[in-house]
file work.txt (compact mmCIF, C-alpha atoms)
# COMPACT_ATOMS: atom_id res chain seq x y z
CA MET F 1 103.31 100.84 104.70
CA PHE F 2 104.58 97.25 104.75
CA SER F 3 101.27 95.89 106.03
CA ALA F 4 99.51 97.70 103.16
CA PHE F 5 101.98 96.18 100.70
CA PHE F 6 101.52 92.64 102.01
CA ALA F 7 97.74 93.06 102.09
CA ALA F 8 97.88 94.05 98.41
CA LEU F 9 100.18 91.14 97.63
CA GLY F 10 97.84 88.75 99.42
CA GLN F 11 94.97 89.76 97.12
CA PHE F 12 96.88 89.20 93.89
CA GLY F 13 94.82 86.12 93.15
CA ASP F 14 91.73 88.31 92.72
CA PRO F 15 90.38 87.87 89.15
CA ARG F 16 90.07 91.65 88.78
CA PHE F 17 93.78 92.04 89.54
CA ARG F 18 94.73 89.44 86.93
CA ARG F 19 92.37 91.00 84.40
CA VAL F 20 94.14 94.38 84.61
CA VAL F 21 97.58 92.77 84.19
CA VAL F 22 96.43 90.70 81.20
CA LEU F 23 94.69 93.68 79.58
CA GLY F 24 97.76 95.87 80.01
CA VAL F 25 100.10 93.29 78.44
CA ALA F 26 97.65 92.37 75.64
CA LEU F 27 96.99 95.97 74.62
CA ALA F 28 100.71 96.83 74.75
CA PHE F 29 101.48 93.81 72.55
CA ALA F 30 98.72 94.78 70.11
CA LEU F 31 100.12 98.32 69.91
CA LEU F 32 103.63 97.06 69.16
CA VAL F 33 102.30 94.71 66.46
CA ALA F 34 100.31 97.57 64.89
CA VAL F 35 103.34 99.88 64.91
CA TYR F 36 105.48 97.16 63.32
CA ALA F 37 102.85 96.45 60.66
CA LEU F 38 102.71 100.17 59.80
CA PHE F 39 106.50 100.27 59.63
CA LEU F 40 106.54 97.30 57.22
CA LEU F 41 103.91 98.98 55.07
CA MET F 42 106.05 102.12 54.87
CA ILE F 43 109.08 100.04 53.84
CA ALA F 44 107.09 98.23 51.15
CA THR F 45 105.64 101.51 49.86
CA LEU F 46 108.75 103.68 49.89
CA THR F 47 111.44 101.14 48.96
CA PRO F 48 111.84 100.29 45.25
CA ASP F 49 111.94 96.62 44.16
CA ILE F 50 115.17 97.12 42.22
CA VAL F 51 118.05 99.46 43.10
CA GLU F 52 120.80 100.28 40.62
CA LEU F 53 124.20 100.24 42.37
CA PRO F 54 127.49 101.42 40.86
CA VAL F 55 129.71 98.54 39.63
CA ILE F 56 127.36 95.89 41.06
CA GLY F 57 124.40 96.81 38.88
CA PRO F 58 120.71 96.17 39.65
CA VAL F 59 119.93 94.66 43.05
CA SER F 60 116.46 93.38 43.95
CA GLY F 61 114.77 92.39 47.19
CA LEU F 62 115.86 95.44 49.15
CA HIS F 63 112.50 95.84 50.93
CA GLU F 64 112.61 92.15 52.01
CA LEU F 65 116.05 92.72 53.51
CA LEU F 66 114.89 95.86 55.28
CA GLY F 67 111.80 94.01 56.50
CA TRP F 68 113.82 91.25 58.16
CA THR F 69 116.29 93.78 59.59
CA SER F 70 113.43 95.82 61.01
CA PHE F 71 111.96 92.67 62.60
CA PHE F 72 115.05 92.09 64.72
CA PHE F 73 115.27 95.81 65.50
CA MET F 74 111.65 95.91 66.70
CA LEU F 75 112.18 92.71 68.68
CA ALA F 76 115.05 94.34 70.58
CA LEU F 77 113.17 97.61 70.95
CA SER F 78 110.07 95.87 72.31
CA ILE F 79 112.07 94.71 75.33
CA PHE F 80 112.32 98.36 76.38
CA LEU F 81 108.91 99.52 75.12
CA MET F 82 106.77 96.66 76.44
CA ILE F 83 107.06 97.61 80.11
CA PRO F 84 106.08 101.31 79.90
CA ALA F 85 103.40 100.54 77.31
CA ALA F 86 101.87 97.79 79.47
CA ALA F 87 102.04 100.06 82.52
CA ALA F 88 100.30 102.86 80.62
CA PHE F 89 97.46 100.61 79.46
CA ALA F 90 97.10 98.98 82.87
CA GLY F 91 96.77 102.46 84.36
CA LEU F 92 93.51 102.85 82.46
CA PHE F 93 91.95 100.06 84.51
CA THR F 94 93.40 100.64 87.96
CA ASP F 95 90.05 101.96 89.19
CA ASP F 96 88.92 98.32 89.03
CA VAL F 97 91.85 97.35 91.27
CA ALA F 98 91.01 100.01 93.87
CA GLN F 99 87.38 98.91 93.86
CA ALA F 100 88.40 95.26 94.33
CA VAL F 101 90.48 96.23 97.38
CA GLU F 102 87.62 98.24 98.87
CA ASP F 103 85.08 95.48 98.22
CA ARG F 104 87.21 93.01 100.15
CA HIS F 105 88.71 95.11 102.93
CA TYR F 106 86.41 98.14 103.26
CA PRO F 107 82.90 96.91 102.36
CA PHE F 108 81.28 99.45 104.71
CA LEU F 109 82.31 102.43 102.52
CA PRO F 110 79.79 104.27 100.35
CA PRO F 111 80.25 104.00 96.55
CA ALA F 112 83.33 105.80 95.26
CA ARG F 113 83.40 108.27 92.41
CA PRO F 114 84.78 106.15 89.56
CA LEU F 115 87.60 107.68 87.55
CA GLY F 116 86.54 108.26 83.94
CA TRP F 117 88.55 107.23 80.90
CA ALA F 118 89.82 110.77 80.47
CA GLU F 119 91.15 110.91 84.04
CA GLY F 120 92.65 107.44 83.78
CA LEU F 121 94.33 108.30 80.50
CA ARG F 122 95.65 111.57 81.90
CA SER F 123 97.07 109.82 84.97
CA SER F 124 98.72 107.13 82.83
CA VAL F 125 100.26 109.63 80.42
CA ASN F 126 101.48 111.83 83.30
CA LEU F 127 103.01 108.87 85.10
CA ILE F 128 104.77 107.43 82.06
CA GLY F 129 105.99 110.85 80.93
CA LEU F 130 107.37 111.67 84.36
CA LEU F 131 109.01 108.25 84.69
CA VAL F 132 110.71 108.63 81.32
CA LEU F 133 111.93 112.14 82.15
CA VAL F 134 113.23 111.21 85.60
CA ASN F 135 114.96 108.08 84.34
CA ILE F 136 116.73 110.09 81.64
CA VAL F 137 117.97 112.40 84.40
CA ALA F 138 118.93 109.36 86.51
CA LEU F 139 120.93 107.88 83.62
CA ILE F 140 122.83 111.15 83.28
CA MET F 141 123.43 111.24 87.03
CA VAL F 142 124.97 107.74 86.92
CA LEU F 143 128.15 109.42 85.72
CA VAL F 144 128.18 111.46 88.94
CA VAL F 145 126.92 109.07 91.64
CA GLY F 146 128.34 105.84 90.16
CA PRO F 147 127.46 102.81 92.34
CA LEU F 148 124.71 104.78 94.10
CA SER F 149 122.72 105.00 90.85
CA PRO F 150 120.25 102.18 91.78
CA LEU F 151 119.41 104.05 94.98
CA LEU F 152 118.91 107.25 92.99
CA PHE F 153 116.65 105.34 90.56
CA TRP F 154 114.46 104.06 93.42
CA VAL F 155 114.28 107.39 95.25
CA LEU F 156 113.35 109.48 92.22
CA ASN F 157 110.88 106.96 90.84
CA GLY F 158 109.49 106.42 94.32
CA PHE F 159 108.61 110.08 94.61
CA LEU F 160 106.74 110.03 91.29
CA LEU F 161 105.02 106.68 91.83
CA GLY F 162 103.90 107.63 95.32
CA ARG F 163 102.55 110.98 94.18
CA GLU F 164 100.65 109.63 91.17
CA TYR F 165 99.22 106.47 92.73
CA PHE F 166 98.12 108.21 95.90
CA THR F 167 96.47 111.02 93.93
CA MET F 168 94.69 108.59 91.62
CA VAL F 169 93.31 106.53 94.52
CA ALA F 170 92.40 109.50 96.71
CA LEU F 171 90.50 111.33 93.96
CA ARG F 172 87.93 108.54 94.04
CA ARG F 173 86.96 109.63 97.56
CA LEU F 174 87.97 113.27 98.05
CA PRO F 175 87.94 116.59 96.15
CA GLU F 176 91.24 117.57 94.58
CA ASP F 177 92.10 120.29 97.11
CA GLN F 178 91.69 117.85 100.01
CA VAL F 179 93.79 115.27 98.17
CA VAL F 180 96.64 117.77 97.73
CA ALA F 181 96.47 118.79 101.39
CA MET F 182 96.45 115.18 102.55
CA ARG F 183 99.35 114.33 100.27
CA ARG F 184 101.41 117.19 101.71
CA ARG F 185 100.67 116.17 105.31
CA ASN F 186 101.84 112.62 104.63
CA ALA F 187 104.56 113.33 102.08
CA LEU F 188 107.26 111.14 103.67
CA THR F 189 104.96 108.14 104.08
CA ILE F 190 103.79 108.42 100.47
CA TRP F 191 107.35 108.85 99.20
CA ALA F 192 108.55 105.81 101.17
CA ALA F 193 105.68 103.68 99.87
CA GLY F 194 106.40 104.86 96.33
CA THR F 195 110.05 103.84 96.73
CA LEU F 196 108.86 100.40 97.79
CA MET F 197 106.92 100.25 94.50
CA ALA F 198 109.93 101.52 92.52
CA ALA F 199 112.17 98.59 93.52
CA PRO F 200 110.28 96.02 91.34
CA LEU F 201 110.69 98.34 88.33
CA SER F 202 114.27 97.05 88.14
CA VAL F 203 113.15 93.41 87.84
CA PRO F 204 112.07 92.23 84.35
CA LEU F 205 108.52 90.81 84.12
CA VAL F 206 107.89 91.63 87.79
CA ASN F 207 107.67 95.29 86.76
CA LEU F 208 104.55 94.43 84.75
CA LEU F 209 102.75 93.96 88.08
CA VAL F 210 103.67 97.39 89.47
CA PRO F 211 100.54 99.27 88.28
CA VAL F 212 98.25 96.75 89.99
CA LEU F 213 100.38 96.30 93.09
CA GLY F 214 100.92 100.05 93.45
CA THR F 215 97.23 100.87 93.15
CA ALA F 216 96.24 98.20 95.67
CA THR F 217 98.93 99.24 98.15
CA PHE F 218 98.04 102.92 97.96
CA THR F 219 94.34 102.14 98.34
CA HIS F 220 95.16 100.64 101.73
CA ILE F 221 97.49 103.52 102.59
CA PHE F 222 94.90 106.13 101.66
CA HIS F 223 92.18 104.59 103.84
CA ARG F 224 94.54 104.19 106.80
CA LEU F 225 95.73 107.78 106.53
CA ALA F 226 92.15 109.00 106.16
CA ALA F 227 91.15 107.07 109.30
CA SER F 228 94.13 108.57 111.13
CA ASP F 229 93.08 112.09 110.08
CA ARG F 230 89.57 111.50 111.36
call {"tool": "encode", "arguments": {"input": "work.txt", "output": "structure tokens"}}
result
Amino acid sequence: MFSAFFAALGQFGDPRFRRVVVLGVALAFALLVAVYALFLLMIATLTPDIVELPVIGPVSGLHELLGWTSFFFMLALSIFLMIPAAAAFAGLFTDDVAQAVEDRHYPFLPPARPLGWAEGLRSSVNLIGLLVLVNIVALIMVLVVGPLSPLLFWVLNGFLLGREYFTMVALRRLPEDQVVAMRRRNALTIWAAGTLMAAPLSVPLVNLLVPVLGTATFTHIFHRLAASDR
């Protein structure tokens, strides 16, 4: 597990790795800008120029005030939205990361079945949805476990990350039924590796690298487990 992680880390200078990170961040930023622009348009459309207030009388410039207020609100909100949005978009391109790992470390393999956009989108949506759900549960459980909450965060997210990343990588090489069977046989290894990936989720900016690092690590893990099975 650790050798797979360090092998993935050692390849982080690969241009295809950097491309996926940059694409994920750029598309997430573009989405947030588009959402904010739509929000401003709604404010300008639905807010009257002049509002008649009791005692004070007519007041103008309300939509400008709401626009500036919404800017600071979106700025604060983007801190929380940027990471999952970037991870979701990066998940669309992780097939490139797996292929980069195989080209460098496993050049003898036959061509893999590339994951289509639909499969990549489904995997990204599943992963983000599960992470959001589990982290809501983890936040509730903080009241129960107290100082052990970081450990709970890593363990729960590790289970989900391990499951999703392993499945995504393995489906490039095996039918789905074989992937499920292999995942069950190596459940503890996959869970432990997923927990290793979950730790950086707690570190701002570093968590932007998790989709790439997770895919690369689990590509190594998959091939080593497949060789062990053979």
call {"tool": "closest_residue", "arguments": {"input": "work.txt", "among": "F:Leu225, F:Arg185, F:Glu176, F:Leu161", "to": "Pro200 of chain F", "atoms": "only C-alpha atoms"}}
result
F:Leu161
call {"tool": "atom_distance", "arguments": {"input": "work.txt", "atom1": "atom CA of Thr94 of chain F", "atom2": "atom CA of Ala181 of chain F"}}
result
22.8 Å
call {"tool": "closest_residue", "arguments": {"input": "work.txt", "among": "F:Ala226, F:Val101, F:Met42, F:Leu92", "to": "Gln178 of chain F", "atoms": "only C-alpha atoms"}}
result
F:Ala226
call {"tool": "residues_around", "arguments": {"input": "work.txt", "residues": "Arg183 of chain F", "least_positions_apart": "2", "cutoff": "10 Å", "atoms": "only C-alpha atoms", "output": "PyMOL selection string"}}
result
chain F and resi 162-163+166-167+170+177-181+185-191+222+225
call {"tool": "residues_near_point", "arguments": {"input": "work.txt", "point": "(91.1, 87.5, 90.0)", "cutoff": "12 Å", "atoms": "all atoms listed in the file", "output": "list of chain:residue names"}}
result
F:Gly10, F:Gln11, F:Phe12, F:Gly13, F:Asp14, F:Pro15, F:Arg16, F:Phe17, F:Arg18, F:Arg19, F:Val20, F:Val21, F:Val22, F:Asp96, F:Val97, F:Ala100, F:Val101, F:Val212
call {"tool": "closest_residue", "arguments": {"input": "work.txt", "among": "F:Ala4, F:Leu41, F:Leu9, F:Leu32", "to": "Val210 of chain F", "atoms": "all atoms listed in the file"}}
result
F:Leu9
call {"tool": "atom_distance", "arguments": {"input": "work.txt", "atom1": "atom CA of Phe6 of chain F", "atom2": "atom CA of Thr217 of chain F"}}
result
8.1 Å
call {"tool": "atom_distance", "arguments": {"input": "work.txt", "atom1": "atom CA of Leu209 of chain F", "atom2": "atom CA of Gly24 of chain F"}}
result
9.7 Å
call {"tool": "closest_residue", "arguments": {"input": "work.txt", "among": "F:Met182, F:Ile221, F:Ala30, F:Ala227", "to": "Ala7 of chain F", "atoms": "all atoms listed in the file"}}
result
F:Ile221
call {"tool": "closest_residue", "arguments": {"input": "work.txt", "among": "F:Val169, F:Leu109, F:Leu31, F:Leu151", "to": "Phe93 of chain F", "atoms": "all atoms listed in the file"}}
result
F:Val169
call {"tool": "closest_residue", "arguments": {"input": "work.txt", "among": "F:Ala199, F:Leu152, F:Ala98, F:Val33", "to": "His223 of chain F", "atoms": "only C-alpha atoms"}}
result
F:Ala98
